[in-house]
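Shown next: target15.cif, given as mmCIF, C-alpha atoms and all ligand atoms.
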data_work
#
loop_
_atom_site.group_PDB
_atom_site.id
_atom_site.type_symbol
_atom_site.label_atom_id
_atom_site.label_comp_id
_atom_site.auth_asym_id
_atom_site.auth_seq_id
_atom_site.Cartn_x
_atom_site.Cartn_y
_atom_site.Cartn_z
ATOM 1 C CA MET A 231 9.491 -15.725 9.697
ATOM 2 C CA THR A 232 6.288 -17.064 11.173
ATOM 3 C CA ARG A 233 4.765 -15.632 14.292
ATOM 4 C CA SER A 234 4.075 -18.144 17.024
ATOM 5 C CA SER A 235 1.420 -17.374 19.594
ATOM 6 C CA SER A 236 4.091 -16.296 22.101
ATOM 7 C CA ALA A 237 5.884 -13.924 19.706
ATOM 8 C CA PRO A 238 5.415 -10.157 20.108
ATOM 9 C CA VAL A 239 2.497 -8.618 18.234
ATOM 10 C CA LEU A 240 3.645 -6.907 15.047
ATOM 11 C CA GLY A 241 2.320 -3.492 14.110
ATOM 12 C CA ALA A 242 0.025 -3.424 17.100
ATOM 13 C CA ASP A 243 0.109 -3.392 20.877
ATOM 14 C CA ALA A 244 -1.163 -6.578 22.446
ATOM 15 C CA GLY A 245 -4.525 -6.560 24.182
ATOM 16 C CA ALA A 246 -7.694 -4.801 23.172
ATOM 17 C CA PRO A 247 -8.035 -2.856 19.905
ATOM 18 C CA ASP A 248 -6.796 0.749 20.071
ATOM 19 C CA PRO A 249 -9.900 2.984 19.862
ATOM 20 C CA ASP A 250 -7.812 5.980 18.709
ATOM 21 C CA ALA A 251 -6.271 4.179 15.724
ATOM 22 C CA ALA A 252 -7.870 4.554 12.290
ATOM 23 C CA ILE A 253 -7.842 0.757 12.018
ATOM 24 C CA SER A 254 -7.122 -1.628 14.877
ATOM 25 C CA ILE A 255 -7.154 -5.394 14.338
ATOM 26 C CA ARG A 256 -6.533 -8.135 16.929
ATOM 27 C CA GLY A 257 -6.367 -11.839 16.132
ATOM 28 C CA LEU A 258 -8.350 -11.591 12.895
ATOM 29 C CA VAL A 259 -9.362 -14.963 11.463
ATOM 30 C CA LYS A 260 -11.198 -15.635 8.203
ATOM 31 C CA ARG A 261 -11.913 -19.093 6.835
ATOM 32 C CA TYR A 262 -13.333 -20.145 3.507
ATOM 33 C CA GLY A 263 -14.515 -23.691 4.229
ATOM 34 C CA GLU A 264 -11.486 -25.630 5.481
ATOM 35 C CA PHE A 265 -9.055 -22.999 4.217
ATOM 36 C CA THR A 266 -7.826 -20.316 6.617
ATOM 37 C CA ALA A 267 -7.197 -17.183 4.533
ATOM 38 C CA VAL A 268 -6.435 -14.865 7.477
ATOM 39 C CA ASP A 269 -4.797 -16.582 10.399
ATOM 40 C CA GLY A 270 -4.598 -14.415 13.536
ATOM 41 C CA LEU A 271 -3.641 -11.010 12.177
ATOM 42 C CA ASP A 272 -2.899 -8.004 14.424
ATOM 43 C CA LEU A 273 -2.450 -4.506 13.029
ATOM 44 C CA ASP A 274 -2.841 -0.852 14.006
ATOM 45 C CA ILE A 275 -3.025 1.892 11.379
ATOM 46 C CA ARG A 276 -2.618 5.376 12.819
ATOM 47 C CA ARG A 277 -4.810 8.283 11.914
ATOM 48 C CA GLY A 278 -3.252 10.394 9.167
ATOM 49 C CA GLU A 279 -0.761 7.827 7.879
ATOM 50 C CA ILE A 280 -0.412 6.132 4.511
ATOM 51 C CA PHE A 281 -0.087 2.428 5.197
ATOM 52 C CA ALA A 282 0.834 0.026 2.387
ATOM 53 C CA LEU A 283 -0.115 -3.622 2.644
ATOM 54 C CA LEU A 284 2.204 -5.841 0.619
ATOM 55 C CA GLY A 285 1.973 -9.546 0.013
ATOM 56 C CA PRO A 286 1.912 -12.160 -2.722
ATOM 57 C CA ASN A 287 -1.267 -13.184 -4.556
ATOM 58 C CA GLY A 288 -3.618 -14.976 -2.209
ATOM 59 C CA ALA A 289 -1.880 -13.755 0.977
ATOM 60 C CA GLY A 290 -5.094 -12.381 2.472
ATOM 61 C CA LYS A 291 -4.844 -8.652 1.736
ATOM 62 C CA THR A 292 -8.200 -8.164 0.003
ATOM 63 C CA THR A 293 -9.946 -10.347 2.573
ATOM 64 C CA THR A 294 -8.518 -8.245 5.420
ATOM 65 C CA VAL A 295 -9.342 -4.961 3.690
ATOM 66 C CA GLU A 296 -12.900 -6.040 2.861
ATOM 67 C CA ILE A 297 -13.506 -7.060 6.486
ATOM 68 C CA CYS A 298 -12.336 -3.559 7.507
ATOM 69 C CA GLU A 299 -14.683 -2.008 4.941
ATOM 70 C CA GLY A 300 -17.613 -3.975 6.387
ATOM 71 C CA TYR A 301 -18.093 -6.021 3.212
ATOM 72 C CA ARG A 302 -17.060 -9.403 4.588
ATOM 73 C CA PRO A 303 -17.880 -11.144 7.875
ATOM 74 C CA ARG A 304 -15.033 -12.551 9.968
ATOM 75 C CA ASP A 305 -14.715 -15.818 11.860
ATOM 76 C CA GLY A 306 -12.630 -14.545 14.773
ATOM 77 C CA GLY A 307 -10.776 -11.638 16.301
ATOM 78 C CA GLU A 308 -11.626 -8.008 16.916
ATOM 79 C CA VAL A 309 -11.668 -5.154 14.430
ATOM 80 C CA ARG A 310 -12.248 -1.435 14.996
ATOM 81 C CA VAL A 311 -12.335 0.982 12.072
ATOM 82 C CA LEU A 312 -12.676 4.636 13.050
ATOM 83 C CA GLY A 313 -13.656 3.360 16.492
ATOM 84 C CA GLU A 314 -16.472 1.061 15.336
ATOM 85 C CA ASP A 315 -16.808 -2.624 14.589
ATOM 86 C CA PRO A 316 -17.260 -2.822 10.782
ATOM 87 C CA ALA A 317 -19.718 -5.688 11.271
ATOM 88 C CA ASP A 318 -22.102 -3.179 12.930
ATOM 89 C CA GLY A 319 -21.118 -0.031 10.973
ATOM 90 C CA GLY A 320 -24.118 2.115 10.090
ATOM 91 C CA ARG A 321 -24.590 4.775 7.420
ATOM 92 C CA ALA A 322 -22.810 7.549 9.313
ATOM 93 C CA TRP A 323 -19.788 5.275 9.783
ATOM 94 C CA LYS A 324 -19.791 4.154 6.108
ATOM 95 C CA ALA A 325 -19.956 7.788 4.974
ATOM 96 C CA GLN A 326 -16.507 8.348 6.524
ATOM 97 C CA LEU A 327 -14.942 5.693 4.274
ATOM 98 C CA GLY A 328 -13.745 6.097 0.709
ATOM 99 C CA ILE A 329 -13.209 2.945 -1.302
ATOM 100 C CA VAL A 330 -11.315 2.644 -4.582
ATOM 101 C CA LEU A 331 -11.753 -0.892 -5.858
ATOM 102 C CA GLN A 332 -9.716 -2.720 -8.490
ATOM 103 C CA SER A 333 -12.631 -2.714 -10.927
ATOM 104 C CA GLY A 334 -14.070 0.731 -10.929
ATOM 105 C CA ALA A 335 -17.054 2.632 -12.270
ATOM 106 C CA GLY A 336 -15.349 3.647 -15.498
ATOM 107 C CA ASP A 337 -17.574 1.895 -18.029
ATOM 108 C CA SER A 338 -20.409 4.431 -17.851
ATOM 109 C CA ALA A 339 -22.475 6.428 -20.328
ATOM 110 C CA LEU A 340 -22.553 9.312 -17.817
ATOM 111 C CA THR A 341 -19.936 12.047 -17.959
ATOM 112 C CA CYS A 342 -17.250 12.378 -15.321
ATOM 113 C CA ARG A 343 -18.995 15.392 -13.812
ATOM 114 C CA GLU A 344 -22.378 13.614 -13.767
ATOM 115 C CA LEU A 345 -20.870 10.561 -12.089
ATOM 116 C CA LEU A 346 -19.204 12.710 -9.445
ATOM 117 C CA ARG A 347 -22.338 14.760 -8.786
ATOM 118 C CA ALA A 348 -24.376 11.589 -8.386
ATOM 119 C CA GLN A 349 -21.812 10.151 -5.958
ATOM 120 C CA ALA A 350 -21.572 13.445 -4.037
ATOM 121 C CA SER A 351 -25.339 13.444 -3.502
ATOM 122 C CA TYR A 352 -24.989 10.472 -1.122
ATOM 123 C CA PHE A 353 -22.912 12.482 1.358
ATOM 124 C CA ALA A 354 -23.786 15.202 3.853
ATOM 125 C CA ASP A 355 -20.646 17.275 3.267
ATOM 126 C CA PRO A 356 -19.142 16.287 -0.089
ATOM 127 C CA ARG A 357 -16.251 17.950 -1.875
ATOM 128 C CA ASP A 358 -17.140 20.107 -4.862
ATOM 129 C CA PRO A 359 -17.128 17.736 -7.903
ATOM 130 C CA ASP A 360 -15.235 20.241 -10.067
ATOM 131 C CA GLU A 361 -12.550 20.683 -7.398
ATOM 132 C CA VAL A 362 -12.209 16.906 -7.225
ATOM 133 C CA LEU A 363 -11.866 16.699 -11.013
ATOM 134 C CA GLU A 364 -9.072 19.238 -10.791
ATOM 135 C CA LEU A 365 -7.391 17.387 -7.923
ATOM 136 C CA VAL A 366 -7.210 14.192 -10.005
ATOM 137 C CA GLY A 367 -6.255 16.013 -13.214
ATOM 138 C CA LEU A 368 -9.494 15.345 -15.108
ATOM 139 C CA THR A 369 -10.828 18.900 -15.518
ATOM 140 C CA GLU A 370 -10.539 18.648 -19.292
ATOM 141 C CA LYS A 371 -12.537 15.410 -19.213
ATOM 142 C CA ALA A 372 -15.432 16.781 -17.130
ATOM 143 C CA LYS A 373 -17.855 16.402 -20.054
ATOM 144 C CA SER A 374 -16.428 13.115 -21.351
ATOM 145 C CA ARG A 375 -18.328 9.891 -20.787
ATOM 146 C CA GLY A 376 -16.698 7.454 -18.384
ATOM 147 C CA ARG A 377 -16.449 4.792 -21.072
ATOM 148 C CA SER A 378 -14.497 7.100 -23.400
ATOM 149 C CA LEU A 379 -11.620 7.487 -20.906
ATOM 150 C CA SER A 380 -8.284 5.689 -21.140
ATOM 151 C CA GLY A 381 -7.407 3.050 -18.539
ATOM 152 C CA GLY A 382 -5.298 5.472 -16.494
ATOM 153 C CA GLN A 383 -7.962 8.188 -16.672
ATOM 154 C CA ARG A 384 -10.584 5.694 -15.450
ATOM 155 C CA ARG A 385 -8.466 4.903 -12.402
ATOM 156 C CA ARG A 386 -8.266 8.625 -11.687
ATOM 157 C CA LEU A 387 -12.036 8.803 -12.009
ATOM 158 C CA ASP A 388 -12.267 5.898 -9.544
ATOM 159 C CA VAL A 389 -10.122 7.858 -7.101
ATOM 160 C CA ALA A 390 -12.256 10.969 -7.679
ATOM 161 C CA LEU A 391 -15.381 8.931 -6.856
ATOM 162 C CA GLY A 392 -13.642 7.557 -3.766
ATOM 163 C CA ILE A 393 -12.737 10.981 -2.357
ATOM 164 C CA VAL A 394 -15.728 13.141 -3.309
ATOM 165 C CA GLY A 395 -17.452 12.198 -0.031
ATOM 166 C CA ARG A 396 -14.508 13.730 1.892
ATOM 167 C CA PRO A 397 -13.521 10.407 3.512
ATOM 168 C CA THR A 398 -11.563 10.257 6.750
ATOM 169 C CA LEU A 399 -10.199 6.883 5.684
ATOM 170 C CA LEU A 400 -9.516 5.918 2.081
ATOM 171 C CA PHE A 401 -8.957 2.334 0.907
ATOM 172 C CA LEU A 402 -7.019 2.015 -2.343
ATOM 173 C CA ASP A 403 -6.765 -1.449 -3.876
ATOM 174 C CA GLU A 404 -3.867 -1.617 -6.361
ATOM 175 C CA PRO A 405 -4.662 1.902 -7.526
ATOM 176 C CA THR A 406 -2.002 2.361 -10.214
ATOM 177 C CA THR A 407 -2.225 -0.942 -12.075
ATOM 178 C CA GLY A 408 -2.039 -0.074 -15.775
ATOM 179 C CA PHE A 409 -0.728 3.467 -15.298
ATOM 180 C CA ASP A 410 2.087 4.807 -17.438
ATOM 181 C CA PRO A 411 5.095 6.133 -15.473
ATOM 182 C CA GLU A 412 4.026 9.775 -15.742
ATOM 183 C CA ALA A 413 0.463 8.985 -14.614
ATOM 184 C CA ARG A 414 1.857 7.065 -11.637
ATOM 185 C CA ARG A 415 3.964 10.045 -10.573
ATOM 186 C CA GLN A 416 0.944 12.329 -10.873
ATOM 187 C CA PHE A 417 -1.134 9.862 -8.900
ATOM 188 C CA TRP A 418 1.494 9.708 -6.163
ATOM 189 C CA SER A 419 1.428 13.468 -5.797
ATOM 190 C CA LEU A 420 -2.384 13.311 -5.575
ATOM 191 C CA ILE A 421 -2.098 10.753 -2.748
ATOM 192 C CA ARG A 422 0.403 12.979 -0.941
ATOM 193 C CA SER A 423 -1.899 15.975 -1.242
ATOM 194 C CA LEU A 424 -4.738 13.901 0.225
ATOM 195 C CA ARG A 425 -2.489 13.011 3.147
ATOM 196 C CA ASP A 426 -1.736 16.725 3.594
ATOM 197 C CA LEU A 427 -5.504 17.220 3.843
ATOM 198 C CA GLY A 428 -5.516 14.717 6.727
ATOM 199 C CA THR A 429 -6.848 11.593 4.967
ATOM 200 C CA THR A 430 -5.692 8.235 6.330
ATOM 201 C CA MET A 431 -4.989 5.755 3.534
ATOM 202 C CA LEU A 432 -4.701 1.987 3.386
ATOM 203 C CA LEU A 433 -3.115 1.018 0.115
ATOM 204 C CA THR A 434 -2.581 -2.457 -1.296
ATOM 205 C CA THR A 435 -0.035 -2.684 -4.042
ATOM 206 C CA HIS A 436 2.299 -5.082 -5.805
ATOM 207 C CA TYR A 437 4.628 -2.212 -6.762
ATOM 208 C CA LEU A 438 7.391 -2.007 -4.195
ATOM 209 C CA ASP A 439 8.584 1.344 -5.536
ATOM 210 C CA GLU A 440 5.070 2.674 -4.941
ATOM 211 C CA ALA A 441 5.092 1.464 -1.340
ATOM 212 C CA GLU A 442 8.519 3.003 -0.860
ATOM 213 C CA ALA A 443 7.531 6.330 -2.420
ATOM 214 C CA LEU A 444 4.213 6.749 -0.631
ATOM 215 C CA ALA A 445 3.929 4.769 2.553
ATOM 216 C CA ASP A 446 4.763 5.999 6.027
ATOM 217 C CA ARG A 447 4.779 2.326 7.035
ATOM 218 C CA VAL A 448 4.437 -0.940 5.195
ATOM 219 C CA GLY A 449 3.069 -4.248 6.420
ATOM 220 C CA VAL A 450 3.905 -7.538 4.728
ATOM 221 C CA ILE A 451 1.270 -10.290 4.770
ATOM 222 C CA ALA A 452 2.140 -13.859 3.843
ATOM 223 C CA ARG A 453 -0.154 -16.877 4.239
ATOM 224 C CA GLY A 454 -2.713 -14.883 6.188
ATOM 225 C CA ARG A 455 -0.296 -13.523 8.776
ATOM 226 C CA LEU A 456 1.490 -10.258 9.177
ATOM 227 C CA VAL A 457 5.201 -11.027 8.976
ATOM 228 C CA GLU A 458 6.542 -7.503 9.481
ATOM 229 C CA VAL A 459 5.579 -3.857 9.865
ATOM 230 C CA ALA A 460 8.172 -1.116 9.419
ATOM 231 C CA VAL A 461 8.947 2.154 7.722
ATOM 232 C CA PRO A 462 10.065 1.262 4.180
ATOM 233 C CA ALA A 463 13.738 2.105 4.787
ATOM 234 C CA GLU A 464 13.906 -0.269 7.766
ATOM 235 C CA LEU A 465 11.886 -3.214 6.502
ATOM 236 C CA GLY A 466 13.680 -6.543 6.947
ATOM 237 C CA GLY A 467 16.571 -4.846 8.767
ATOM 238 C CA ARG A 468 17.516 -3.015 5.561
ATOM 239 C CA ALA A 469 18.910 0.014 7.349
ATOM 240 C CA SER A 470 21.469 -2.050 9.268
ATOM 241 C CA ALA A 471 22.093 -4.761 6.650
ATOM 242 C CA PRO A 472 25.686 -5.086 5.460
ATOM 243 C CA ALA A 473 26.621 -3.489 2.146
ATOM 244 C CA ILE A 474 27.909 -5.772 -0.593
ATOM 245 C CA VAL A 475 31.004 -4.484 -2.401
ATOM 246 C CA HIS A 476 31.553 -5.946 -5.881
ATOM 247 C CA TRP A 477 34.706 -5.602 -7.998
ATOM 248 C CA THR A 478 36.839 -7.506 -10.526
ATOM 249 C CA GLU A 479 40.333 -8.656 -9.615
ATOM 250 C CA ASP A 480 42.681 -10.864 -11.661
ATOM 251 C CA GLY A 481 39.836 -11.285 -14.134
ATOM 252 C CA VAL A 482 37.509 -12.730 -11.444
ATOM 253 C CA ARG A 483 34.302 -11.061 -10.230
ATOM 254 C CA ARG A 484 34.491 -10.761 -6.433
ATOM 255 C CA SER A 485 32.177 -9.569 -3.693
ATOM 256 C CA GLU A 486 32.388 -8.946 0.035
ATOM 257 C CA ALA A 487 29.710 -8.184 2.606
ATOM 258 C CA THR A 488 30.794 -5.450 4.994
ATOM 259 C CA ALA A 489 29.346 -3.177 7.661
ATOM 260 C CA THR A 490 32.024 -0.570 6.826
ATOM 261 C CA PRO A 491 31.984 -0.205 3.027
ATOM 262 C CA THR A 492 33.881 3.109 2.998
ATOM 263 C CA ALA A 493 36.851 1.637 4.872
ATOM 264 C CA PHE A 494 36.705 -1.486 2.725
ATOM 265 C CA VAL A 495 36.706 0.476 -0.550
ATOM 266 C CA ARG A 496 39.588 2.645 0.701
ATOM 267 C CA GLU A 497 41.611 -0.496 1.438
ATOM 268 C CA LEU A 498 40.597 -1.956 -1.944
ATOM 269 C CA ALA A 499 41.626 1.238 -3.764
ATOM 270 C CA GLY A 500 45.114 0.865 -2.266
ATOM 271 C CA ARG A 501 45.509 -2.466 -4.086
ATOM 272 C CA PHE A 502 44.921 -0.906 -7.534
ATOM 273 C CA SER A 503 46.932 1.805 -9.241
ATOM 274 C CA GLY A 504 43.867 3.457 -10.856
ATOM 275 C CA GLU A 505 40.136 2.792 -10.742
ATOM 276 C CA VAL A 506 38.969 -0.397 -8.985
ATOM 277 C CA PRO A 507 37.585 -2.439 -11.925
ATOM 278 C CA ASP A 508 33.767 -2.747 -12.028
ATOM 279 C CA LEU A 509 33.386 -1.336 -8.510
ATOM 280 C CA ALA A 510 29.816 -1.315 -7.142
ATOM 281 C CA VAL A 511 28.436 -1.012 -3.608
ATOM 282 C CA ASN A 512 24.912 -2.345 -3.072
ATOM 283 C CA ARG A 513 22.504 -2.528 -0.162
ATOM 284 C CA PRO A 514 19.434 -4.766 -0.125
ATOM 285 C CA THR A 515 16.520 -3.180 -1.957
ATOM 286 C CA LEU A 516 12.980 -3.256 -0.645
ATOM 287 C CA GLU A 517 12.372 -5.980 -3.233
ATOM 288 C CA ASP A 518 15.272 -8.083 -1.883
ATOM 289 C CA VAL A 519 14.005 -7.998 1.697
ATOM 290 C CA TYR A 520 10.396 -8.454 0.628
ATOM 291 C CA LEU A 521 11.163 -11.575 -1.415
ATOM 292 C CA THR A 522 13.139 -13.029 1.492
ATOM 293 C CA MET A 523 10.260 -12.299 3.858
ATOM 294 C CA ILE A 524 7.632 -14.022 1.750
ATOM 295 C CA GLY A 525 9.949 -16.973 1.238
ATOM 296 C CA GLU A 526 10.954 -16.459 -2.404
ATOM 297 C CA PRO A 527 14.593 -16.664 -3.473
ATOM 298 C CA SER A 528 15.733 -13.130 -4.409
HETATM 299 N N1 LIG B 1 -14.953 -15.957 -1.584
HETATM 300 C C1 LIG B 1 -13.942 -16.816 -1.444
HETATM 301 N N2 LIG B 1 -14.137 -18.143 -1.369
HETATM 302 C C2 LIG B 1 -13.117 -19.017 -1.208
HETATM 303 N N3 LIG B 1 -11.826 -18.654 -1.111
HETATM 304 C C3 LIG B 1 -11.554 -17.344 -1.176
HETATM 305 C C4 LIG B 1 -12.596 -16.355 -1.349
HETATM 306 N N4 LIG B 1 -12.008 -15.129 -1.383
HETATM 307 C C5 LIG B 1 -10.673 -15.344 -1.242
HETATM 308 N N5 LIG B 1 -10.401 -16.657 -1.116
HETATM 309 C C6 LIG B 1 -9.069 -17.265 -0.930
HETATM 310 O O1 LIG B 1 -8.460 -16.669 0.212
HETATM 311 C C7 LIG B 1 -7.075 -16.421 -0.029
HETATM 312 C C8 LIG B 1 -6.790 -14.948 0.188
HETATM 313 O O2 LIG B 1 -7.405 -14.205 -0.867
HETATM 314 P P1 LIG B 1 -7.268 -12.616 -0.973
HETATM 315 O O3 LIG B 1 -8.119 -12.193 -2.115
HETATM 316 O O4 LIG B 1 -7.552 -12.021 0.358
HETATM 317 O O5 LIG B 1 -5.727 -12.467 -1.315
HETATM 318 P P2 LIG B 1 -4.884 -11.174 -1.765
HETATM 319 O O6 LIG B 1 -3.720 -11.105 -0.840
HETATM 320 O O7 LIG B 1 -5.769 -9.998 -1.836
HETATM 321 O O8 LIG B 1 -4.396 -11.595 -3.224
HETATM 322 P P3 LIG B 1 -4.134 -10.726 -4.583
HETATM 323 O O9 LIG B 1 -2.809 -10.072 -4.407
HETATM 324 O O10 LIG B 1 -4.091 -11.803 -5.616
HETATM 325 O O11 LIG B 1 -5.286 -9.770 -4.756
HETATM 326 C C9 LIG B 1 -6.787 -16.913 -1.424
HETATM 327 O O12 LIG B 1 -6.239 -18.223 -1.338
HETATM 328 C C10 LIG B 1 -8.144 -16.960 -2.094
HETATM 329 O O13 LIG B 1 -8.213 -17.961 -3.075
#
Would it be possible to restate this file's structure as C-alpha cells?
Ligand SMILES: Nc1ncnc2c1ncn2[C@@H]1O[C@H](COP(=O)(O)OP(=O)(O)OP(=O)(O)O)[C@@H](O)[C@H]1O
Amino acid sequence: MTRSSSAPVLGADAGAPDPDAAISIRGLVKRYGEFTAVDGLDLDIRRGEIFALLGPNGAGKTTTVEICEGYRPRDGGEVRVLGEDPADGGRAWKAQLGIVLQSGAGDSALTCRELLRAQASYFADPRDPDEVLELVGLTEKAKSRGRSLSGGQRRRLDVALGIVGRPTLLFLDEPTTGFDPEARRQFWSLIRSLRDLGTTMLLTTHYLDEAEALADRVGVIARGRLVEVAVPAELGGRASAPAIVHWTEDGVRRSEATATPTAFVRELAGRFSGEVPDLAVNRPTLEDVYLTMIGEPS
C-alpha cells in the first residue's frame, strides 16, 4: 500500500505537529543527492509508549531516527521531539535523550563502572551507576574492562550508558542483535521495567517477535514512507483476518479460509470417524502481514 497525498495520515493527526507527543513528525523529507530516502513521513509517538519501527534494509529507519536525535539535517517537513525542533535542540534538550547505537562503546580499556561514571558526569541528575549496572544485569562485571565483555554483555553496557542520564526518551537501534535467547528475554524485561519507570522508547528492530513482545505500537516503513501503524495484534488487519484450516482428506492436503473456524472444524469433524487427519488452524503471523506490507511474497 502506498499513501497518496490525499490518503489519511497514518500514525498521526493531520496538520501541525502535536506538541504533547514525545515525537511528532509531519511530511518529513530527506534526500541524499537525487535519491529520496524519506518521502513525506508522518508519525506521532506518545509519551510513555514503546514504539517499534520496522522496515527492510534501506527503508529509511535510521535516517528518520537520526533526524529525531538531531544528528542529521532534513530537507523538508516538521519534526518536534519532546516539544522542540531537533535541528535547534540545545544541551538541556539533548540531556533528555538516551541513545543506544548499533555500534556501541564496548571496546574500551575502562571498566564498566568507570565508563558509567564518566557518562553520568555529563548529566545534571544521573542515575546511580551501580544501580544501572544492576538494572542491566552487569553488577558482577562492574570491574571488568569493556573490551573483555561478550557481545551480549557489551550491548547491555550500551544500554546502561544510554539510560544512566535518566532519559525521558530512549532510542534503541537494533538493540538485541547478537543476543542469545536468554539474554534477549532478560533484555526485554529490562525494557519493560524502563517503561514502568516512565521512559518513552523508540526501537528499531528486524526481529518481529521482539516488536510483538515489547511494542505498544509498531510502524512499518517501506521506501521512505510509513505504510501502517497499529498495535502488533492488529497490524495488517491480522485481528480480523480469516483463519486457514488445514487437513488431509483422501490422501490430499486441503485448506480453507474461514471467518468461523470453530463451526468449520465442527462440520469437518462430522465427516471423519476419529481425529481429522493433520488438522491445523492458522492465522496470519506478524511476519506474514509484514512481508505482505513491504511487498515481499510470504
Ligand atoms: N549518508 C548517506 N549518503 C547517501 N545515501 C544514504 C546515506 N545514509 C543513508 N543513505 C541511503 O538512504 C536509504 C535509507 O537508509 P537508512 O540507513 O535510513 O535505512 P534503514 O531503514 O535504517 O536500513 P537498515 O535496516 O539497513 O539499517 C538507503 O538507501 C541508504 O543507502
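Comparing the minimum interatomic distances between ligand LIG 1 (chain B) and each of A:Ile421, A:Ala452, A:Ala390, A:Ile280, counting all atoms listed in the file, we find that A:Ala452 sits nearest.
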Find the residues near ligand LIG 1 (chain B). Use a cut-off of 10 Å, count only C-alpha atoms and all ligand atoms, and write them as a PyMOL selection string.
chain A and resi 260-268+283-297+302+332+403-404+434-436+451-454
Quick one: residues within 12 Å of (36.2, -10.0, -6.8) (file frame), counting all atoms listed in the file, please, as a PyMOL selection string.
chain A and resi 474-487+498+506-510
Rank A:Thr398, A:Ile393, A:Gly278, A:Pro247 by their smallest atom-to-atom distance to Ala445 (chain A), using all atoms listed in the file, and report the top residue only.
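Under the stated criterion, the closest residue is A:Gly278.
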Residues at most 9 Å from Arg357 (chain A), counting all atoms listed in the file, excluding those fewer than 3 positions away in the same chain, as a count of residues only?
8
d(CA of Leu438 (chain A), CA of Leu516 (chain A)) in Å
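So the two atoms, CA of Leu438 (chain A) and CA of Leu516 (chain A), lie 6.7 Å apart.
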Expressed in Å to a single decimal, how great is the separation between CA of Pro472 (chain A) and CA of Met523 (chain A)?
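So the answer is 17.1 Å.
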Quick one: of A:Gly376, A:Gly320, A:Glu364, A:Leu402, who's nearest to Glu344 (chain A), counting only C-alpha atoms?
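Answer, going by the shortest atom-to-atom distance: A:Gly376.
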Nearest to Gly428 (chain A), chosen from A:Ala252, A:Val495, A:Asp315, A:Pro405, with only C-alpha atoms counted in the distances
A:Ala252
Check the smallest atom-to-atom distance from each of A:Thr488, A:Gln416, A:Ser374, A:Thr407 to Cys342 (chain A) using only C-alpha atoms, then report the winner.
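When distances to Cys342 (chain A) are compared using only C-alpha atoms, the smallest one comes from A:Ser374.
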So what do you get for CA of Ser470 (chain A) versus CA of Ala489 (chain A), distance-wise?
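A separation of 8.1 Å between them.
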Near-Ser338 (chain A) list (12 Å; only C-alpha atoms; drop same-chain fewer than 6 positions) as a list in words:
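The residues satisfying every condition are Glu344, Leu345, Leu346, Ser374, Arg375, Gly376, Arg377, Ser378, Leu379, Arg384, Leu387 and Asp388 of chain A.
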Pick out the closest residue to Pro397 (chain A) from this set: A:Ala443, A:Ala325, A:Val330, A:Ala463. Count all atoms listed in the file.
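Using all atoms listed in the file, the shortest distance to Pro397 (chain A) belongs to A:Ala325.
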